[in-house]
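The next block is final38.pdb, given as PDB, C-alpha atoms and all ligand atoms.
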```pdb
MODEL        1
ATOM      1  CA  MET Q1219      29.054  -5.175   9.208  1.00  0.00           C
ATOM      2  CA  THR Q1220      31.236  -6.270   6.308  1.00  0.00           C
ATOM      3  CA  SER Q1221      29.100  -8.453   4.050  1.00  0.00           C
ATOM      4  CA  VAL Q1222      28.020  -6.977   0.744  1.00  0.00           C
ATOM      5  CA  GLU Q1223      24.367  -7.657   1.534  1.00  0.00           C
ATOM      6  CA  GLY Q1224      24.726  -6.006   4.946  1.00  0.00           C
ATOM      7  CA  ILE Q1225      26.351  -2.861   3.593  1.00  0.00           C
ATOM      8  CA  SER Q1226      23.830  -2.765   0.764  1.00  0.00           C
ATOM      9  CA  GLU Q1227      20.911  -3.051   3.214  1.00  0.00           C
ATOM     10  CA  VAL Q1228      22.284  -0.206   5.353  1.00  0.00           C
ATOM     11  CA  GLN Q1229      22.582   1.942   2.235  1.00  0.00           C
ATOM     12  CA  ASP Q1230      19.038   0.969   1.217  1.00  0.00           C
ATOM     13  CA  VAL Q1231      17.628   1.927   4.601  1.00  0.00           C
ATOM     14  CA  ALA Q1232      19.541   5.243   4.604  1.00  0.00           C
ATOM     15  CA  TYR Q1233      18.159   5.935   1.139  1.00  0.00           C
ATOM     16  CA  MET Q1234      14.571   5.144   2.153  1.00  0.00           C
ATOM     17  CA  LEU Q1235      14.869   7.323   5.256  1.00  0.00           C
ATOM     18  CA  SER Q1236      16.237  10.167   3.139  1.00  0.00           C
ATOM     19  CA  VAL Q1237      12.852  10.563   1.439  1.00  0.00           C
ATOM     20  CA  VAL Q1238      10.911  10.682   4.731  1.00  0.00           C
ATOM     21  CA  ARG Q1239       9.706  14.157   5.668  1.00  0.00           C
ATOM     22  CA  ILE Q1240       9.011  14.898   9.345  1.00  0.00           C
ATOM     23  CA  THR Q1241       6.213  17.435   9.939  1.00  0.00           C
ATOM     24  CA  LYS Q1242       4.550  18.837  13.053  1.00  0.00           C
ATOM     25  CA  VAL Q1243       1.296  17.006  12.342  1.00  0.00           C
ATOM     26  CA  VAL Q1244       0.381  14.608  15.155  1.00  0.00           C
ATOM     27  CA  ASP Q1245       0.738  10.960  14.147  1.00  0.00           C
ATOM     28  CA  CYS Q1246      -2.471   9.008  13.676  1.00  0.00           C
ATOM     29  CA  TRP Q1247      -3.767   5.778  12.137  1.00  0.00           C
ATOM     30  CA  LEU Q1248      -5.758   6.095   8.914  1.00  0.00           C
ATOM     31  CA  TRP Q1249      -7.700   3.476   7.007  1.00  0.00           C
ATOM     32  CA  ASP Q1250      -9.898   4.806   4.262  1.00  0.00           C
ATOM     33  CA  GLN Q1251     -10.445   1.660   2.185  1.00  0.00           C
ATOM     34  CA  ASN Q1252     -13.764  -0.047   2.718  1.00  0.00           C
ATOM     35  CA  ALA Q1253     -14.271   1.703   6.054  1.00  0.00           C
ATOM     36  CA  ASN Q1254     -17.625  -0.026   6.625  1.00  0.00           C
ATOM     37  CA  ASN Q1255     -15.956  -3.425   6.852  1.00  0.00           C
ATOM     38  CA  GLY Q1256     -13.046  -2.301   8.997  1.00  0.00           C
ATOM     39  CA  PHE Q1257      -9.434  -3.351   8.470  1.00  0.00           C
ATOM     40  CA  SER Q1258      -8.430  -6.613   6.809  1.00  0.00           C
ATOM     41  CA  VAL Q1259      -5.193  -7.894   5.278  1.00  0.00           C
ATOM     42  CA  ALA Q1260      -7.088  -8.995   2.144  1.00  0.00           C
ATOM     43  CA  THR Q1261      -8.339  -5.440   1.568  1.00  0.00           C
ATOM     44  CA  VAL Q1262      -4.816  -4.073   1.996  1.00  0.00           C
ATOM     45  CA  LYS Q1263      -3.492  -6.537  -0.590  1.00  0.00           C
ATOM     46  CA  THR Q1264      -6.246  -5.590  -3.048  1.00  0.00           C
ATOM     47  CA  ALA Q1265      -5.600  -1.875  -2.496  1.00  0.00           C
ATOM     48  CA  MET Q1266      -1.834  -2.334  -2.954  1.00  0.00           C
ATOM     49  CA  ARG Q1267      -2.336  -4.252  -6.193  1.00  0.00           C
ATOM     50  CA  GLN Q1268      -4.700  -1.592  -7.528  1.00  0.00           C
ATOM     51  CA  ASN Q1269      -2.295   1.141  -6.523  1.00  0.00           C
ATOM     52  CA  ALA Q1270       0.833  -0.490  -7.903  1.00  0.00           C
ATOM     53  CA  TYR Q1271      -0.611  -2.117 -10.986  1.00  0.00           C
ATOM     54  CA  GLY Q1272      -3.614  -0.020 -11.859  1.00  0.00           C
ATOM     55  CA  HIS Q1273      -3.355  -1.010 -15.505  1.00  0.00           C
ATOM     56  CA  PRO Q1274      -3.734  -4.727 -16.172  1.00  0.00           C
ATOM     57  CA  GLY Q1275      -0.847  -6.185 -18.149  1.00  0.00           C
ATOM     58  CA  GLN Q1276       1.601  -3.588 -16.891  1.00  0.00           C
ATOM     59  CA  GLY Q1277       3.990  -3.935 -13.995  1.00  0.00           C
ATOM     60  CA  MET Q1278       5.587  -7.018 -12.527  1.00  0.00           C
ATOM     61  CA  ARG Q1279       3.259  -8.890 -10.216  1.00  0.00           C
ATOM     62  CA  TRP Q1280       4.288 -10.089  -6.749  1.00  0.00           C
ATOM     63  CA  GLU Q1281       5.583 -13.594  -7.399  1.00  0.00           C
ATOM     64  CA  SER Q1282       5.398 -16.271  -4.699  1.00  0.00           C
ATOM     65  CA  TRP Q1283       7.902 -18.548  -6.474  1.00  0.00           C
ATOM     66  CA  VAL Q1284      10.780 -16.196  -5.575  1.00  0.00           C
ATOM     67  CA  PRO Q1285      11.721 -14.773  -2.132  1.00  0.00           C
ATOM     68  CA  ILE Q1286      10.329 -11.554  -0.710  1.00  0.00           C
ATOM     69  CA  LYS Q1287      13.725  -9.818  -1.095  1.00  0.00           C
ATOM     70  CA  VAL Q1288      13.557 -10.383  -4.869  1.00  0.00           C
ATOM     71  CA  ASN Q1289       9.949  -9.158  -5.087  1.00  0.00           C
ATOM     72  CA  ALA Q1290      10.826  -6.114  -2.991  1.00  0.00           C
ATOM     73  CA  LEU Q1291      13.809  -5.226  -5.194  1.00  0.00           C
ATOM     74  CA  VAL Q1292      11.734  -5.440  -8.389  1.00  0.00           C
ATOM     75  CA  TRP Q1293       8.950  -3.354  -6.832  1.00  0.00           C
ATOM     76  CA  ARG Q1294      11.478  -0.677  -5.823  1.00  0.00           C
ATOM     77  CA  LEU Q1295      13.137  -0.877  -9.233  1.00  0.00           C
ATOM     78  CA  GLU Q1296       9.829  -0.142 -10.969  1.00  0.00           C
ATOM     79  CA  LYS Q1297       9.302   2.818  -8.646  1.00  0.00           C
ATOM     80  CA  GLU Q1298      12.913   3.921  -9.236  1.00  0.00           C
ATOM     81  CA  ARG Q1299      13.605   3.645  -5.517  1.00  0.00           C
ATOM     82  CA  ILE Q1300      17.028   2.075  -5.772  1.00  0.00           C
ATOM     83  CA  PRO Q1301      20.116   3.851  -4.352  1.00  0.00           C
ATOM     84  CA  THR Q1302      22.002   4.215  -7.613  1.00  0.00           C
ATOM     85  CA  ARG Q1303      24.749   6.839  -7.716  1.00  0.00           C
ATOM     86  CA  VAL Q1304      22.503   9.308  -9.585  1.00  0.00           C
ATOM     87  CA  GLU Q1305      19.734   8.899  -6.996  1.00  0.00           C
ATOM     88  CA  LEU Q1306      22.186   9.275  -4.093  1.00  0.00           C
ATOM     89  CA  VAL Q1307      23.602  12.507  -5.540  1.00  0.00           C
ATOM     90  CA  LYS Q1308      20.050  13.814  -5.989  1.00  0.00           C
ATOM     91  CA  ARG Q1309      19.723  13.305  -2.239  1.00  0.00           C
ATOM     92  CA  LYS Q1310      22.834  15.377  -1.549  1.00  0.00           C
ATOM     93  CA  LEU Q1311      25.294  12.548  -0.999  1.00  0.00           C
ATOM     94  CA  ASN Q1312      28.768  13.634  -1.939  1.00  0.00           C
ATOM     95  CA  LEU Q1313      30.053  11.015  -4.405  1.00  0.00           C
ATOM     96  CA  PRO Q1314      33.186  11.389  -6.543  1.00  0.00           C
ATOM     97  CA  SER Q1315      31.332  10.198  -9.649  1.00  0.00           C
ATOM     98  CA  VAL Q1316      27.861   9.256 -10.825  1.00  0.00           C
ATOM     99  CA  ASN Q1317      29.255   6.970 -13.507  1.00  0.00           C
ATOM    100  CA  CYS Q1318      28.124   3.363 -13.666  1.00  0.00           C
ATOM    101  CA  PRO Q1319      30.526   1.180 -11.631  1.00  0.00           C
ATOM    102  CA  MET Q1320      30.103  -1.689 -14.090  1.00  0.00           C
ATOM    103  CA  CYS Q1321      30.973   0.013 -17.395  1.00  0.00           C
ATOM    104  CA  ASN Q1322      32.163   3.465 -16.259  1.00  0.00           C
ATOM    105  CA  VAL Q1323      30.521   4.902 -19.385  1.00  0.00           C
ATOM    106  CA  GLY Q1324      26.941   5.955 -18.624  1.00  0.00           C
ATOM    107  CA  GLU Q1325      25.540   7.627 -15.528  1.00  0.00           C
ATOM    108  CA  GLU Q1326      24.247   5.108 -13.029  1.00  0.00           C
ATOM    109  CA  THR Q1327      20.487   5.561 -13.227  1.00  0.00           C
ATOM    110  CA  VAL Q1328      18.049   2.736 -12.462  1.00  0.00           C
ATOM    111  CA  ASN Q1329      17.378   2.319 -16.170  1.00  0.00           C
ATOM    112  CA  HIS Q1330      21.086   2.184 -16.954  1.00  0.00           C
ATOM    113  CA  ILE Q1331      22.234  -0.314 -14.345  1.00  0.00           C
ATOM    114  CA  PHE Q1332      19.438  -2.840 -14.971  1.00  0.00           C
ATOM    115  CA  VAL Q1333      18.879  -2.530 -18.730  1.00  0.00           C
ATOM    116  CA  ALA Q1334      20.918  -0.042 -20.770  1.00  0.00           C
ATOM    117  CA  CYS Q1335      24.385  -0.838 -19.367  1.00  0.00           C
ATOM    118  CA  GLY Q1336      26.635  -2.991 -21.540  1.00  0.00           C
ATOM    119  CA  PHE Q1337      27.106  -5.336 -18.584  1.00  0.00           C
ATOM    120  CA  ALA Q1338      23.330  -5.731 -18.092  1.00  0.00           C
ATOM    121  CA  PHE Q1339      22.916  -6.198 -21.846  1.00  0.00           C
ATOM    122  CA  GLY Q1340      25.445  -9.050 -21.743  1.00  0.00           C
ATOM    123  CA  VAL Q1341      23.573 -10.700 -18.876  1.00  0.00           C
ATOM    124  CA  TRP Q1342      20.124 -10.345 -20.492  1.00  0.00           C
ATOM    125  CA  SER Q1343      21.448 -11.652 -23.835  1.00  0.00           C
ATOM    126  CA  LYS Q1344      22.722 -14.829 -22.191  1.00  0.00           C
ATOM    127  CA  VAL Q1345      19.575 -15.238 -20.099  1.00  0.00           C
ATOM    128  CA  TRP Q1346      17.318 -14.918 -23.185  1.00  0.00           C
ATOM    129  CA  SER Q1347      19.478 -17.279 -25.124  1.00  0.00           C
ATOM    130  CA  TRP Q1348      19.156 -19.785 -22.230  1.00  0.00           C
ATOM    131  CA  CYS Q1349      15.357 -19.371 -22.337  1.00  0.00           C
ATOM    132  CA  ARG Q1350      15.399 -19.475 -26.171  1.00  0.00           C
ATOM    133  CA  LEU Q1351      13.521 -16.198 -26.318  1.00  0.00           C
ATOM    134  CA  VAL Q1352      14.197 -13.017 -28.263  1.00  0.00           C
ATOM    135  CA  PRO Q1353      12.855  -9.794 -26.751  1.00  0.00           C
ATOM    136  CA  ALA Q1354      11.605  -7.219 -29.253  1.00  0.00           C
ATOM    137  CA  SER Q1355      13.210  -4.302 -27.469  1.00  0.00           C
ATOM    138  CA  SER Q1356      15.555  -4.050 -24.533  1.00  0.00           C
ATOM    139  CA  ASN Q1357      16.409  -0.462 -23.783  1.00  0.00           C
ATOM    140  CA  THR Q1358      14.226   0.620 -20.910  1.00  0.00           C
ATOM    141  CA  ILE Q1359      12.809  -0.556 -17.598  1.00  0.00           C
ATOM    142  CA  GLU Q1360       9.400  -0.507 -19.311  1.00  0.00           C
ATOM    143  CA  ASP Q1361      10.667  -3.337 -21.512  1.00  0.00           C
ATOM    144  CA  LEU Q1362      11.040  -5.491 -18.387  1.00  0.00           C
ATOM    145  CA  LYS Q1363       7.287  -5.373 -17.977  1.00  0.00           C
ATOM    146  CA  THR Q1364       6.605  -6.415 -21.551  1.00  0.00           C
ATOM    147  CA  TRP Q1365       9.193  -9.213 -21.545  1.00  0.00           C
ATOM    148  CA  GLN Q1366       7.063 -11.131 -19.034  1.00  0.00           C
ATOM    149  CA  ASP Q1367       4.336 -11.439 -21.681  1.00  0.00           C
ATOM    150  CA  PHE Q1368       6.253 -13.293 -24.385  1.00  0.00           C
ATOM    151  CA  SER Q1369       3.488 -14.357 -26.737  1.00  0.00           C
ATOM    152  CA  SER Q1370       5.361 -17.523 -27.653  1.00  0.00           C
ATOM    153  CA  VAL Q1371       5.193 -18.729 -24.043  1.00  0.00           C
ATOM    154  CA  ALA Q1372       1.954 -19.877 -22.446  1.00  0.00           C
ATOM    155  CA  GLY Q1373       0.590 -20.832 -19.026  1.00  0.00           C
ATOM    156  CA  LYS Q1374       3.206 -21.824 -16.487  1.00  0.00           C
ATOM    157  CA  GLY Q1375       5.940 -20.685 -18.882  1.00  0.00           C
ATOM    158  CA  LYS Q1376       4.944 -17.045 -18.468  1.00  0.00           C
ATOM    159  CA  ARG Q1377       5.298 -17.415 -14.726  1.00  0.00           C
ATOM    160  CA  ILE Q1378       8.724 -19.014 -15.110  1.00  0.00           C
ATOM    161  CA  VAL Q1379       9.831 -16.198 -17.447  1.00  0.00           C
ATOM    162  CA  ARG Q1380       8.580 -13.625 -14.936  1.00  0.00           C
ATOM    163  CA  CYS Q1381      10.570 -15.334 -12.161  1.00  0.00           C
ATOM    164  CA  VAL Q1382      13.700 -15.488 -14.328  1.00  0.00           C
ATOM    165  CA  ILE Q1383      13.395 -11.745 -15.094  1.00  0.00           C
ATOM    166  CA  MET Q1384      13.020 -10.938 -11.393  1.00  0.00           C
ATOM    167  CA  VAL Q1385      15.946 -13.138 -10.368  1.00  0.00           C
ATOM    168  CA  THR Q1386      18.101 -11.587 -13.135  1.00  0.00           C
ATOM    169  CA  CYS Q1387      17.413  -8.078 -11.802  1.00  0.00           C
ATOM    170  CA  TRP Q1388      18.297  -9.261  -8.302  1.00  0.00           C
ATOM    171  CA  ALA Q1389      21.525 -10.919  -9.535  1.00  0.00           C
ATOM    172  CA  ILE Q1390      22.606  -7.794 -11.491  1.00  0.00           C
ATOM    173  CA  TRP Q1391      22.092  -5.595  -8.413  1.00  0.00           C
ATOM    174  CA  LYS Q1392      23.950  -8.079  -6.200  1.00  0.00           C
ATOM    175  CA  GLU Q1393      26.933  -8.075  -8.598  1.00  0.00           C
ATOM    176  CA  ARG Q1394      26.849  -4.267  -8.776  1.00  0.00           C
ATOM    177  CA  ASN Q1395      26.993  -4.080  -4.964  1.00  0.00           C
ATOM    178  CA  LYS Q1396      29.922  -6.490  -4.861  1.00  0.00           C
ATOM    179  CA  LYS Q1397      31.772  -4.203  -7.247  1.00  0.00           C
ATOM    180  CA  VAL Q1398      30.916  -1.022  -5.320  1.00  0.00           C
ATOM    181  CA  PHE Q1399      31.516  -2.327  -1.803  1.00  0.00           C
ATOM    182  CA  HIS Q1400      34.220  -4.969  -2.341  1.00  0.00           C
ATOM    183  CA  ASN Q1401      35.725  -3.839  -5.630  1.00  0.00           C
ATOM    184  CA  SER Q1402      35.098  -7.281  -7.103  1.00  0.00           C
ATOM    185  CA  ASP Q1403      35.639  -8.083 -10.764  1.00  0.00           C
ATOM    186  CA  PRO Q1404      32.147  -8.278 -12.367  1.00  0.00           C
ATOM    187  CA  LYS Q1405      31.652 -11.122 -14.816  1.00  0.00           C
ATOM    188  CA  VAL Q1406      28.569 -11.633 -16.988  1.00  0.00           C
ATOM    189  CA  ILE Q1407      29.001 -15.395 -16.877  1.00  0.00           C
ATOM    190  CA  LYS Q1408      29.038 -15.378 -13.058  1.00  0.00           C
ATOM    191  CA  VAL Q1409      25.761 -13.444 -12.914  1.00  0.00           C
ATOM    192  CA  VAL Q1410      24.122 -15.787 -15.419  1.00  0.00           C
ATOM    193  CA  ALA Q1411      25.270 -18.785 -13.358  1.00  0.00           C
ATOM    194  CA  VAL Q1412      23.685 -17.203 -10.266  1.00  0.00           C
ATOM    195  CA  VAL Q1413      20.433 -16.612 -12.204  1.00  0.00           C
ATOM    196  CA  LYS Q1414      20.299 -20.253 -13.311  1.00  0.00           C
ATOM    197  CA  ALA Q1415      21.192 -21.678  -9.896  1.00  0.00           C
ATOM    198  CA  MET Q1416      19.041 -19.424  -7.723  1.00  0.00           C
ATOM    199  CA  SER Q1417      15.982 -19.481  -9.980  1.00  0.00           C
ATOM    200  CA  PHE Q1418      16.152 -23.279  -9.994  1.00  0.00           C
ATOM    201  CA  LEU Q1419      16.569 -23.547  -6.217  1.00  0.00           C
ATOM    202  CA  TRP Q1420      13.802 -21.073  -5.454  1.00  0.00           C
ATOM    203  CA  LEU Q1421      11.343 -22.485  -7.981  1.00  0.00           C
ATOM    204  CA  LYS Q1422      12.113 -26.019  -6.848  1.00  0.00           C
ATOM    205  CA  ALA Q1423      11.386 -25.065  -3.244  1.00  0.00           C
ATOM    206  CA  ARG Q1424       8.282 -23.003  -3.954  1.00  0.00           C
ATOM    207  CA  SER Q1425       6.667 -24.577  -7.012  1.00  0.00           C
ATOM    208  CA  ASN Q1426       6.114 -28.131  -8.238  1.00  0.00           C
ATOM    209  CA  ILE Q1427       8.916 -27.815 -10.817  1.00  0.00           C
ATOM    210  CA  ASP Q1428      11.494 -30.504 -10.170  1.00  0.00           C
ATOM    211  CA  LYS Q1429      13.481 -31.212 -13.325  1.00  0.00           C
ATOM    212  CA  ILE Q1430      17.184 -31.836 -13.441  1.00  0.00           C
ATOM    213  CA  ASP Q1431      17.677 -30.341 -16.926  1.00  0.00           C
ATOM    214  CA  TRP Q1432      16.723 -26.839 -15.787  1.00  0.00           C
ATOM    215  CA  VAL Q1433      20.167 -25.418 -16.409  1.00  0.00           C
ATOM    216  CA  LYS Q1434      19.997 -26.442 -20.079  1.00  0.00           C
ATOM    217  CA  TYR Q1435      16.652 -24.818 -20.828  1.00  0.00           C
ATOM    218  CA  PRO Q1436      14.114 -23.676 -18.199  1.00  0.00           C
ATOM    219  CA  LEU Q1437      11.000 -23.932 -20.379  1.00  0.00           C
ATOM    220  CA  TYR Q1438      11.644 -27.383 -21.802  1.00  0.00           C
ATOM    221  CA  MET Q1439       8.944 -29.097 -19.786  1.00  0.00           C
ATOM    222  CA  LEU Q1440       6.136 -27.018 -21.303  1.00  0.00           C
TER     223      LEU Q1440
HETATM  224 ZN    ZN Q1501      27.059   0.684 -17.098  1.00  0.00          ZN
ENDMDL
END
```
Could you render the structure as structure tokens?
Amino acid sequence: MTSVEGISEVQDVAYMLSVVRITKVVDCWLWDQNANNGFSVATVKTAMRQNAYGHPGQGMRWESWVPIKVNALVWRLEKERIPTRVELVKRKLNLPSVNCPMCNVGEETVNHIFVACGFAFGVWSKVWSWCRLVPASSNTIEDLKTWQDFSSVAGKGKRIVRCVIMVTCWAIWKERNKKVFHNSDPKVIKVVAVVKAMSFLWLKARSNIDKIDWVKYPLYML
């Protein structure tokens, strides 16, 4: 397995398994939601939404306009379940450094790699400039959740902004993995190009947006 995505997935799985605790309790199936009506997928979805996003307006919602892998990454990012160097060392992995591979200045926490890092800042700045939006604050993962509610954007625009945020997170993590596993040369402009191209392709395939000027300005049709 030599592809960046392959190596990254193996590391992800190893990380997820590292938090599993095996006990002597006999395995069993449990379903305690709405027991009178039995099991249903709809009830599971409702329970998951309530559990993940108990407070309306907070948290990124599952977004059908982007692939499952992007949704899953953002969900794990919010839960801080991403195998950054700091998280791996917490789980007893012996790494030579916990410094961010992109800037080599801060420690690679989830907050750092996606928001606080100079590299991430460069990406977000270009993405916001493309969307003609100016976020009020951009220092923490919490800010990601508020960015999706730009008051100047309405209706379908909010959904597009949410998708762009999710795709940007995915593109930053992909570039980080290329650097870590293939020692590539990270470039802000490359990541922004990926955000523009992939968000267009995915939204075109999954939504009714079909405009050729997307790359100039994604919210122009609103
Ligand atoms: Zn950094």
Exercise for the section: Do a neighbour search on range 1388-1393 of chain Q at 7 Å with all atoms listed in the file, toss out local chain neighbours closer than 3 positions, and write the hits as a PyMOL selection string. Expected result: chain Q and resi 1288+1291+1332+1338+1384-1385+1396-1397+1404+1409+1412-1413
Problem - CA of Val1244 in chain Q to CA of Ser1258 in chain Q, distance in Å rounded to a single decimal - result: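 Distance between the two atoms: 24.4 Å.
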Exercise for the section: Translate the PyMOL selection byres (((not hetatm)) within 8 of (chain Q and resi 1501)), as applied to the file shown, into an explicit residue set as a count of residues only. Expected result: 17
Problem - Evaluate the PyMOL selection byres (((chain Q and resi 1362) around 10) and not hetatm) and report residues as a PyMOL selection string - result: chain Q and resi 1276-1278+1296+1332-1333+1353+1355-1361+1363-1367+1380+1383-1384+1387
Exercise for the section: Rounded to one decimal place, report the CA of Arg1279 in chain Q-CA of Phe1418 in chain Q distance in Å. Expected result: 19.3 Å
Completion exercise
One residue among Q:Tyr1233, Q:Arg1350, Q:Lys1376, Q:Val1262 is nearest to Lys1308 in chain Q when using all atoms listed in the file, and that residue is Q:Tyr1233
Work out where the centre of an axis-aligned box around every listed atom of range 1326-1329 of chain Q lies and how long its edges are once 8 Å is added on each side; give both in Å to one decimal as JSON.
```
{"center_x": 20.8, "center_y": 3.9, "center_z": -14.3, "size_x": 22.9, "size_y": 19.2, "size_z": 19.7}
```
Handout entry: Neighbour residues at most 12 Å from (26.4, -12.7, -21.8) (only C-alpha atoms) as a ChimeraX atom specification
Key = /Q:1336-1348,1404-1411,1413
Save the residues we just selected, C-alpha atoms, as a JSON list (two decimals), in the frame of the given file?
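What ended up in out-v2.json:
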```json
[["chain", "number", "residue", "atom", "x", "y", "z"],
["Q", 1336, "GLY", "CA", 26.64, -2.99, -21.54],
["Q", 1337, "PHE", "CA", 27.11, -5.34, -18.58],
["Q", 1338, "ALA", "CA", 23.33, -5.73, -18.09],
["Q", 1339, "PHE", "CA", 22.92, -6.20, -21.85],
["Q", 1340, "GLY", "CA", 25.44, -9.05, -21.74],
["Q", 1341, "VAL", "CA", 23.57, -10.70, -18.88],
["Q", 1342, "TRP", "CA", 20.12, -10.34, -20.49],
["Q", 1343, "SER", "CA", 21.45, -11.65, -23.84],
["Q", 1344, "LYS", "CA", 22.72, -14.83, -22.19],
["Q", 1345, "VAL", "CA", 19.58, -15.24, -20.10],
["Q", 1346, "TRP", "CA", 17.32, -14.92, -23.18],
["Q", 1347, "SER", "CA", 19.48, -17.28, -25.12],
["Q", 1348, "TRP", "CA", 19.16, -19.78, -22.23],
["Q", 1404, "PRO", "CA", 32.15, -8.28, -12.37],
["Q", 1405, "LYS", "CA", 31.65, -11.12, -14.82],
["Q", 1406, "VAL", "CA", 28.57, -11.63, -16.99],
["Q", 1407, "ILE", "CA", 29.00, -15.40, -16.88],
["Q", 1408, "LYS", "CA", 29.04, -15.38, -13.06],
["Q", 1409, "VAL", "CA", 25.76, -13.44, -12.91],
["Q", 1410, "VAL", "CA", 24.12, -15.79, -15.42],
["Q", 1411, "ALA", "CA", 25.27, -18.78, -13.36],
["Q", 1413, "VAL", "CA", 20.43, -16.61, -12.20]]
```
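Selection check: the PyMOL selection byres (((chain Q and resi 1419) around 12) and not hetatm) on the shown file gives Trp1283, Val1284, Pro1285, Cys1381, Val1382, Val1385, Val1412, Val1413, Lys1414, Ala1415, Met1416, Ser1417, Phe1418, Trp1420, Leu1421, Lys1422, Ala1423, Arg1424, Ser1425, Asn1426, Ile1427, Asp1428, Lys1429, Ile1430, Trp1432 and Val1433 of chain Q.
Picture a line from CA of Asp1230 in chain Q to CA of Pro1301 in chain Q; it runs 6.4 Å.
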Handout entry: Nearest residue to Met1234 in chain Q from the set Q:Val1371, Q:Leu1306, Q:Ile1378, Q:Val1316 (distances using all atoms listed in the file)
Key = Q:Leu1306
Handout entry: Protein, DNA and RNA residues within 12 Å of (34.7, -1.6, -2.4), only C-alpha atoms, as a PyMOL selection string
Key = chain Q and resi 1220-1222+1225-1226+1319+1393-1403
